There are 2 protein chains.
Amino acid sequence: MTLRPCLLALALSLSPLPLLAADAPAKYRNAQEIIDAAPTSDWHSPAAENTLYMDLEGGRVIIELAPQFAPEHAGNIRTLAKGHFWDGLSIYRSQDNFVVQFGDADADDAAKAKSMGSAKTHLPAEFQRPAAGLDFTALPDRDGWAAKTGFVGDFAVGSDGQNAWLAHCYGAVGAGRNNDEDSSLGAELYVVTGQSPRQLDRNITLVGRVLKGMELLSSIKRGPDPMGFYEDAAQRTPIKAITLASELPEAQRVNLQVLRTDSKTFADAVEARRNRVDGFYKRAAGHIDLCNIPLPVRIIE
Amino acid sequence: MTLRPCLLALALSLSPLPLLAADAPAKYRNAQEIIDAAPTSDWHSPAAENTLYMDLEGGRVIIELAPQFAPEHAGNIRTLAKGHFWDGLSIYRSQDNFVVQFGDADADDAAKAKSMGSAKTHLPAEFQRPAAGLDFTALPDRDGWAAKTGFVGDFAVGSDGQNAWLAHCYGAVGAGRNNDEDSSLGAELYVVTGQSPRQLDRNITLVGRVLKGMELLSSIKRGPDPMGFYEDAAQRTPIKAITLASELPEAQRVNLQVLRTDSKTFADAVEARRNRVDGFYKRAAGHIDLCNIPLPVRIIE
């Protein structure tokens, strides 16, 4: 029985380990090899005032806000974090192949709802913004959801040339709303945990993305309700705290770095993923979708 | 505090509940309403000899094999199930936004590996097959991964006109292999639990799809290894049994029905998802990707 049970090359191709591709053509470098060779200048640290630490029993989720796309929501979220709004609240929804959602499970009950302190009680919808003024790095491939796709900073973005918007990829963080466009406040947030629901693009305000710790959210047991809500509060996942990194002394901040999406390294890694010719892959796709491109993140201890 | 914390309309639009869309134009019916009105003849029951019940502590996962695409693998999997190969084995890998994998964690250790009984010890790669002879229902939208996409029976399929292949959508079940194309046997199987890794299409043999119970697989705690393997056997998820439905008396089979993908109901539901104009959606996408289309499944008690 010589079969290895580990999809060996398949797994390595998407893993943070260097590829051990004895069969690969000498000149092909896979995405991880390219990233490992990146100069220090290709990495950047997200601003502390845009970085949230969500602490759960199981560990820490790190979220980056996108004020260039949702300035009003980012502002309210900072206010809520500074006021410790989420501390002691919960992840009260986990719907399979869709989202987890967190905040105040009692938000609709005026008698029980937690005060939002000095946060604003009305925000404009921030579904898209003018494309002008953004440093947009386009992808080479077509996409049925948007005329152009690419990255702006650490964020996956769609654009029609005139406007640009954050895309609902795995790990995207959005602001729950009711039927009115401008009914989100940033207190009730969701994170995409399944196949990218791009039909939501430009229909709801995305506020940022998870940089680290997705596995803590994506593996939460699905709620028994068809929409993934837990009626039973005991089944919800408690949030110990959500803290804005800039509120902490520098020594207590995580030294997290993200590969610049406007670097040659990132472009080369995308190209290596578009055309995989290692020992495992027999047929290069010649294509990649926006939401299939992982964002390289590392923590410097 | 009137904000509901439940993304109400968003949630309903993807839920099995009827839409309560007071704001929706009178003539628009969402996908679920269309499906709910389907005639009985639009539903079919997968063949018992293609249906696997995977019993875990948490419940049952139901898998449909696709012998029209992978006849040799389907045959071996039937043999393995009849021989109770997986009973007492485990899900030994869970990699975030990628796959779970199950079978014999000791498969590479000849001293410990479980016997595969009368199953074949070599199979051909079954990455694709001639498109001729398939009842292919095409989707209207373009896709960067395949010239044509659509459904054949219960399966999401890509095609270049000449050949057709199963697509790596959420819930797809594939046969782990080593670097050699023909190194899979169907004993070590993976299930896609994240954003569709379509770059694997035509690079590995897909054998079927999960019809029911994905939430039991997708929420398994991710393995500590970068590829999601668990070194510690105690962390693996035990498999009580995997049973071929045709091996059970009819009374013990699940009466599961799937909406026919060649029905007008299915086409109408796809169209309703391509252009959502209920009270929640403000902008219809006019598009849908192959892997964003859920397959309606119901169990008749």
# chains A, B, ... in the order shown; residues from 1 in each chain; ligands from 1
$ select_by_dssp --residues "range 33-263 of chain A" --states "strand (DSSP E)" --output "VMD selection string"
chain A and resid 43 to 44 51 to 56 59 to 65 90 to 95 99 to 103 129 to 130 136 to 138 148 to 152 155 to 159 163 to 166 172 to 175 189 to 192 206 to 212 237 to 244 256 to 259
$ residues_around --residues "Gln95 in chain A" --least-positions-apart "3" --cutoff "9 Å" --atoms "only C-alpha atoms" --output "VMD selection string"
(chain A and resid 98 to 101 193 221 to 229) or (chain B and resid 11 215)
$ write_last_selection --atoms "all heavy atoms" --output "CSV table (one decimal), in the first residue's frame"
chain,number,residue,atom,x,y,z
A,98,PHE,N,-21.8,30.3,3.7
A,98,PHE,CA,-22.2,31.7,3.6
A,98,PHE,C,-21.5,32.7,4.5
A,98,PHE,O,-20.5,33.2,4.1
A,98,PHE,CB,-23.7,31.7,3.8
A,98,PHE,CG,-24.4,33.0,3.3
A,98,PHE,CD1,-23.9,33.8,2.3
A,98,PHE,CD2,-25.5,33.5,4.0
A,98,PHE,CE1,-24.4,35.0,1.9
A,98,PHE,CE2,-26.1,34.7,3.5
A,98,PHE,CZ,-25.6,35.4,2.5
A,99,VAL,N,-22.0,32.8,5.7
A,99,VAL,CA,-21.4,33.8,6.7
A,99,VAL,C,-21.5,33.4,8.1
A,99,VAL,O,-22.3,32.6,8.5
A,99,VAL,CB,-22.1,35.2,6.6
A,99,VAL,CG1,-22.0,35.8,5.2
A,99,VAL,CG2,-23.6,35.1,7.0
A,100,VAL,N,-20.6,34.0,8.9
A,100,VAL,CA,-20.8,34.1,10.4
A,100,VAL,C,-21.2,35.6,10.6
A,100,VAL,O,-20.8,36.4,9.8
A,100,VAL,CB,-19.6,33.7,11.2
A,100,VAL,CG1,-19.3,32.2,11.2
A,100,VAL,CG2,-18.4,34.5,10.9
A,101,GLN,N,-21.9,35.8,11.7
A,101,GLN,CA,-22.3,37.2,12.0
A,101,GLN,C,-22.2,37.4,13.5
A,101,GLN,O,-22.4,36.5,14.3
A,101,GLN,CB,-23.7,37.4,11.5
A,101,GLN,CG,-24.2,38.8,11.6
A,101,GLN,CD,-25.6,39.0,11.0
A,101,GLN,OE1,-25.9,38.4,10.0
A,101,GLN,NE2,-26.4,39.9,11.6
A,193,THR,N,-17.8,33.1,4.9
A,193,THR,CA,-17.1,31.8,5.2
A,193,THR,C,-17.3,30.7,4.2
A,193,THR,O,-16.9,29.6,4.4
A,193,THR,CB,-17.6,31.3,6.6
A,193,THR,OG1,-19.0,31.1,6.5
A,193,THR,CG2,-17.3,32.2,7.7
A,221,LYS,N,-19.5,25.8,14.6
A,221,LYS,CA,-20.7,24.9,14.3
A,221,LYS,C,-21.8,25.7,13.7
A,221,LYS,O,-22.2,26.8,14.3
A,221,LYS,CB,-21.1,24.2,15.6
A,221,LYS,CG,-22.0,23.0,15.3
A,221,LYS,CD,-22.4,22.2,16.6
A,221,LYS,CE,-23.4,21.2,16.3
A,221,LYS,NZ,-23.9,20.5,17.5
A,222,ARG,N,-22.4,25.2,12.7
A,222,ARG,CA,-23.5,26.0,12.0
A,222,ARG,C,-24.7,26.0,13.0
A,222,ARG,O,-25.0,25.0,13.6
A,222,ARG,CB,-23.9,25.3,10.7
A,222,ARG,CG,-23.0,25.6,9.5
A,222,ARG,CD,-21.5,25.6,9.8
A,222,ARG,NE,-20.7,25.8,8.6
A,222,ARG,CZ,-19.4,26.2,8.6
A,222,ARG,NH1,-18.8,26.4,9.8
A,222,ARG,NH2,-18.8,26.3,7.5
A,223,GLY,N,-25.4,27.1,13.0
A,223,GLY,CA,-26.6,27.3,13.8
A,223,GLY,C,-27.7,26.5,13.3
A,223,GLY,O,-27.8,26.2,12.1
A,224,PRO,N,-28.6,26.0,14.2
A,224,PRO,CA,-29.7,25.1,13.8
A,224,PRO,C,-30.8,25.8,12.9
A,224,PRO,O,-31.5,25.1,12.1
A,224,PRO,CB,-30.3,24.7,15.1
A,224,PRO,CG,-29.9,25.7,16.1
A,224,PRO,CD,-28.6,26.3,15.6
A,225,ASP,N,-31.0,27.1,13.0
A,225,ASP,CA,-31.9,27.8,12.2
A,225,ASP,C,-31.5,27.8,10.8
A,225,ASP,O,-30.3,27.7,10.5
A,225,ASP,CB,-31.8,29.3,12.8
A,225,ASP,CG,-32.6,30.3,12.0
A,225,ASP,OD1,-32.3,30.6,10.9
A,225,ASP,OD2,-33.7,30.7,12.6
A,226,PRO,N,-32.4,27.8,9.8
A,226,PRO,CA,-32.0,27.8,8.4
A,226,PRO,C,-31.0,28.8,8.0
A,226,PRO,O,-30.2,28.7,7.1
A,226,PRO,CB,-33.4,27.9,7.6
A,226,PRO,CG,-34.4,27.5,8.6
A,226,PRO,CD,-33.9,27.9,10.0
A,227,MET,N,-31.1,30.0,8.7
A,227,MET,CA,-30.2,31.1,8.4
A,227,MET,C,-28.9,31.0,9.3
A,227,MET,O,-28.1,31.9,9.2
A,227,MET,CB,-30.9,32.4,8.5
A,227,MET,CG,-32.0,32.6,7.6
A,227,MET,SD,-32.8,34.2,7.7
A,227,MET,CE,-33.8,33.9,9.2
A,228,GLY,N,-28.8,30.0,10.1
A,228,GLY,CA,-27.6,29.8,10.9
A,228,GLY,C,-27.7,30.5,12.2
A,228,GLY,O,-26.6,30.5,12.9
A,229,PHE,N,-28.8,31.1,12.6
A,229,PHE,CA,-28.9,31.7,14.0
A,229,PHE,C,-29.0,30.6,15.1
A,229,PHE,O,-29.5,29.5,14.8
A,229,PHE,CB,-30.1,32.7,14.0
A,229,PHE,CG,-29.9,33.9,13.2
A,229,PHE,CD1,-30.4,34.0,11.9
A,229,PHE,CD2,-29.2,35.0,13.7
A,229,PHE,CE1,-30.2,35.1,11.2
A,229,PHE,CE2,-29.0,36.1,13.0
A,229,PHE,CZ,-29.5,36.2,11.7
B,11,ALA,N,-30.4,37.1,4.4
B,11,ALA,CA,-30.5,35.7,4.9
B,11,ALA,C,-31.6,34.9,4.2
B,11,ALA,O,-31.4,33.8,3.7
B,11,ALA,CB,-30.7,35.7,6.4
B,215,GLU,N,-22.5,20.7,6.2
B,215,GLU,CA,-22.2,21.5,7.4
B,215,GLU,C,-21.5,20.6,8.5
B,215,GLU,O,-20.8,21.1,9.3
B,215,GLU,CB,-23.5,22.1,8.0
B,215,GLU,CG,-24.4,21.1,8.7
B,215,GLU,CD,-25.3,20.4,7.6
B,215,GLU,OE1,-25.1,20.6,6.4
B,215,GLU,OE2,-26.2,19.6,8.1
$ residues_around --residues "range 198-214 of chain A" --least-positions-apart "5" --cutoff "6 Å" --atoms "only C-alpha atoms" --output "ChimeraX atom specification"
/A:61-66,70,126-127,167-168,171-175 /B:281-282,285
$ write_last_selection --atoms "N, CA, C and O atoms" --output "compact mmCIF listing (two decimals), in the first residue's frame"
# COMPACT_ATOMS: atom_id res chain seq x y z
N VAL A 61 -8.64 36.64 15.94
CA VAL A 61 -8.93 36.97 14.55
C VAL A 61 -8.47 38.41 14.33
O VAL A 61 -8.77 39.28 15.15
N ILE A 62 -7.73 38.65 13.25
CA ILE A 62 -7.26 40.01 12.96
C ILE A 62 -7.96 40.51 11.70
O ILE A 62 -7.94 39.86 10.66
N ILE A 63 -8.60 41.66 11.84
CA ILE A 63 -9.40 42.27 10.77
C ILE A 63 -8.76 43.60 10.37
O ILE A 63 -8.33 44.37 11.23
N GLU A 64 -8.71 43.85 9.07
CA GLU A 64 -8.28 45.17 8.60
C GLU A 64 -9.50 45.92 8.03
O GLU A 64 -10.21 45.41 7.17
N LEU A 65 -9.69 47.14 8.51
CA LEU A 65 -10.75 47.99 7.99
C LEU A 65 -10.29 48.66 6.69
O LEU A 65 -9.10 48.83 6.46
N ALA A 66 -11.26 49.05 5.89
CA ALA A 66 -10.99 49.65 4.58
C ALA A 66 -11.62 51.04 4.50
O ALA A 66 -12.62 51.25 3.81
N ALA A 70 -15.09 52.56 2.87
CA ALA A 70 -16.24 52.73 3.78
C ALA A 70 -15.81 53.61 4.96
O ALA A 70 -15.76 53.15 6.11
N GLU A 126 -22.39 52.67 1.84
CA GLU A 126 -21.08 52.86 1.20
C GLU A 126 -20.80 51.64 0.32
O GLU A 126 -19.87 50.88 0.56
N PHE A 127 -21.64 51.48 -0.68
CA PHE A 127 -21.57 50.28 -1.53
C PHE A 127 -20.43 50.37 -2.54
O PHE A 127 -19.88 49.34 -2.96
N ALA A 167 -15.05 43.39 -2.95
CA ALA A 167 -15.69 42.17 -3.43
C ALA A 167 -15.94 41.20 -2.28
O ALA A 167 -15.13 41.08 -1.36
N HIS A 168 -17.06 40.48 -2.37
CA HIS A 168 -17.43 39.49 -1.36
C HIS A 168 -16.64 38.20 -1.54
O HIS A 168 -17.19 37.17 -1.97
N GLY A 171 -13.62 35.67 3.65
CA GLY A 171 -12.93 36.52 4.62
C GLY A 171 -13.35 37.98 4.58
O GLY A 171 -12.94 38.75 5.46
N ALA A 172 -14.15 38.36 3.59
CA ALA A 172 -14.63 39.76 3.55
C ALA A 172 -15.52 40.02 4.76
O ALA A 172 -16.28 39.15 5.18
N VAL A 173 -15.43 41.23 5.30
CA VAL A 173 -16.22 41.63 6.46
C VAL A 173 -17.20 42.72 6.03
O VAL A 173 -16.80 43.71 5.42
N GLY A 174 -18.48 42.51 6.32
CA GLY A 174 -19.50 43.46 5.90
C GLY A 174 -20.41 43.86 7.05
O GLY A 174 -20.43 43.23 8.11
N ALA A 175 -21.17 44.92 6.80
CA ALA A 175 -22.06 45.48 7.81
C ALA A 175 -23.49 45.05 7.51
O ALA A 175 -24.06 45.46 6.49
N TYR B 281 -32.19 43.33 -2.37
CA TYR B 281 -31.19 43.59 -3.41
C TYR B 281 -31.52 44.88 -4.15
O TYR B 281 -32.64 45.09 -4.58
N LYS B 282 -30.52 45.73 -4.29
CA LYS B 282 -30.70 47.03 -4.94
C LYS B 282 -30.16 47.01 -6.36
O LYS B 282 -30.46 47.89 -7.16
N ALA B 285 -27.16 41.33 -10.19
CA ALA B 285 -25.84 41.04 -10.76
C ALA B 285 -25.91 40.75 -12.26
O ALA B 285 -24.98 41.02 -13.00
$ closest_residue --among "B:Glu33, B:Glu188, B:Asp109, B:Glu271" --to "Leu80 in chain B" --atoms "only C-alpha atoms"
B:Glu188
$ residues_around --residues "Ser246 in chain B" --least-positions-apart "3" --cutoff "9 Å" --atoms "only C-alpha atoms" --output "PyMOL selection string"
chain B and resi 47-52+243+249-250+253
$ write_last_selection --atoms "N, CA and C atoms" --output "PDB file, in the first residue's frame"
ATOM      1  N   ALA B  47     -29.949   7.209  -7.834  1.00  0.00           N
ATOM      2  CA  ALA B  47     -29.932   5.744  -7.740  1.00  0.00           C
ATOM      3  C   ALA B  47     -29.254   5.295  -6.443  1.00  0.00           C
ATOM      4  N   ALA B  48     -29.817   4.276  -5.827  1.00  0.00           N
ATOM      5  CA  ALA B  48     -29.265   3.783  -4.556  1.00  0.00           C
ATOM      6  C   ALA B  48     -27.836   3.269  -4.729  1.00  0.00           C
ATOM      7  N   GLU B  49     -27.524   2.715  -5.900  1.00  0.00           N
ATOM      8  CA  GLU B  49     -26.161   2.191  -6.102  1.00  0.00           C
ATOM      9  C   GLU B  49     -25.134   3.312  -6.311  1.00  0.00           C
ATOM     10  N   ASN B  50     -25.620   4.566  -6.417  1.00  0.00           N
ATOM     11  CA  ASN B  50     -24.708   5.710  -6.488  1.00  0.00           C
ATOM     12  C   ASN B  50     -24.736   6.570  -5.235  1.00  0.00           C
ATOM     13  N   THR B  51     -25.398   6.088  -4.213  1.00  0.00           N
ATOM     14  CA  THR B  51     -25.603   6.905  -3.010  1.00  0.00           C
ATOM     15  C   THR B  51     -24.865   6.304  -1.822  1.00  0.00           C
ATOM     16  N   LEU B  52     -24.050   7.133  -1.183  1.00  0.00           N
ATOM     17  CA  LEU B  52     -23.302   6.710   0.003  1.00  0.00           C
ATOM     18  C   LEU B  52     -23.812   7.454   1.232  1.00  0.00           C
ATOM     19  N   THR B 243     -21.818   3.563   3.982  1.00  0.00           N
ATOM     20  CA  THR B 243     -22.654   2.478   3.483  1.00  0.00           C
ATOM     21  C   THR B 243     -23.229   2.842   2.123  1.00  0.00           C
ATOM     22  N   PRO B 249     -31.838  -2.490   3.055  1.00  0.00           N
ATOM     23  CA  PRO B 249     -33.243  -2.699   2.662  1.00  0.00           C
ATOM     24  C   PRO B 249     -33.871  -1.338   2.340  1.00  0.00           C
ATOM     25  N   GLU B 250     -34.814  -1.321   1.424  1.00  0.00           N
ATOM     26  CA  GLU B 250     -35.407  -0.043   1.004  1.00  0.00           C
ATOM     27  C   GLU B 250     -35.916   0.780   2.173  1.00  0.00           C
ATOM     28  N   ARG B 253     -33.437   3.148   3.633  1.00  0.00           N
ATOM     29  CA  ARG B 253     -32.814   4.179   2.799  1.00  0.00           C
ATOM     30  C   ARG B 253     -33.480   5.533   3.049  1.00  0.00           C
TER      31      ARG B 253
END
$ residues_around --residues "Leu216 in chain A" --least-positions-apart "6" --cutoff "10 Å" --atoms "only C-alpha atoms" --output "list in words"
Leu56, Glu57, Gly58, Gly59, Arg60 and Val61 of chain A; Asp96, Ser219, Lys221 and Arg222 of chain B
$ residues_around --residues "Ala105 in chain A" --least-positions-apart "2" --cutoff "10 Å" --atoms "only C-alpha atoms" --output "list of chain:residue names"
A:Leu89, A:Ser90, A:Ile91, A:Tyr92, A:Arg93, A:Gln101, A:Phe102, A:Gly103, A:Ala107, A:Asp108, A:Asp109, A:Lys112, A:Ala113, A:Lys114, A:Glu188, A:Phe229, A:Tyr230, A:Glu231, A:Ala233, A:Arg236, B:Arg4, B:Pro5, B:Cys6
$ write_last_selection --atoms "N, CA and C atoms" --output "short mmCIF file (atom, residue, chain, number, x, y, z; two decimals), in the first residue's frame"
data_model
loop_
_atom_site.label_atom_id
_atom_site.label_comp_id
_atom_site.auth_asym_id
_atom_site.auth_seq_id
_atom_site.Cartn_x
_atom_site.Cartn_y
_atom_site.Cartn_z
N LEU A 89 -20.10 40.32 23.93
CA LEU A 89 -21.17 39.95 22.99
C LEU A 89 -20.79 38.63 22.31
N SER A 90 -21.36 38.32 21.15
CA SER A 90 -21.15 36.97 20.62
C SER A 90 -21.23 36.90 19.10
N ILE A 91 -20.74 35.79 18.61
CA ILE A 91 -21.02 35.37 17.24
C ILE A 91 -22.31 34.57 17.33
N TYR A 92 -23.38 35.13 16.79
CA TYR A 92 -24.71 34.57 17.04
C TYR A 92 -25.30 33.91 15.80
N ARG A 93 -24.48 33.78 14.76
CA ARG A 93 -24.97 33.16 13.53
C ARG A 93 -23.81 32.50 12.81
N GLN A 101 -21.91 35.79 11.67
CA GLN A 101 -22.30 37.17 11.98
C GLN A 101 -22.16 37.38 13.48
N PHE A 102 -21.73 38.58 13.85
CA PHE A 102 -21.51 38.84 15.27
C PHE A 102 -21.94 40.26 15.64
N GLY A 103 -22.08 40.44 16.94
CA GLY A 103 -22.52 41.73 17.48
C GLY A 103 -23.45 41.47 18.64
N ALA A 107 -30.02 43.08 19.63
CA ALA A 107 -30.08 44.44 19.07
C ALA A 107 -31.50 44.89 18.75
N ASP A 108 -32.39 43.95 18.39
CA ASP A 108 -33.76 44.44 18.08
C ASP A 108 -34.64 44.62 19.29
N ASP A 109 -34.17 44.24 20.43
CA ASP A 109 -34.99 44.36 21.65
C ASP A 109 -34.49 45.58 22.43
N LYS A 112 -33.25 45.22 25.88
CA LYS A 112 -32.02 44.45 26.17
C LYS A 112 -30.81 44.93 25.40
N ALA A 113 -31.03 45.70 24.35
CA ALA A 113 -29.93 46.06 23.45
C ALA A 113 -28.82 46.80 24.19
N LYS A 114 -27.60 46.49 23.80
CA LYS A 114 -26.45 47.14 24.42
C LYS A 114 -26.29 48.55 23.83
N GLU A 188 -23.34 45.30 13.79
CA GLU A 188 -23.60 43.89 13.46
C GLU A 188 -22.80 43.58 12.20
N PHE A 229 -28.81 31.05 12.64
CA PHE A 229 -28.88 31.69 13.97
C PHE A 229 -29.02 30.63 15.05
N TYR A 230 -28.56 31.00 16.25
CA TYR A 230 -28.73 30.14 17.42
C TYR A 230 -29.79 30.78 18.31
N GLU A 231 -30.91 30.10 18.47
CA GLU A 231 -31.91 30.58 19.43
C GLU A 231 -31.34 30.48 20.85
N ALA A 233 -28.80 30.86 23.46
CA ALA A 233 -27.63 31.73 23.64
C ALA A 233 -26.39 30.93 24.03
N ARG A 236 -23.99 30.15 21.20
CA ARG A 236 -23.24 31.22 20.53
C ARG A 236 -21.79 31.22 20.97
N ARG B 4 -32.30 45.25 13.18
CA ARG B 4 -32.32 43.81 13.39
C ARG B 4 -30.93 43.27 13.11
N PRO B 5 -30.49 42.33 13.89
CA PRO B 5 -29.12 41.85 13.73
C PRO B 5 -29.02 40.70 12.75
N CYS B 6 -29.95 40.55 11.88
CA CYS B 6 -30.02 39.28 11.17
C CYS B 6 -29.90 39.39 9.67
#
$ residues_around --residues "Leu256 in chain B" --least-positions-apart "2" --cutoff "9 Å" --atoms "only C-alpha atoms" --output "MDAnalysis selection string"
chainID B and resid 44:46 211 253:254 258 297:301
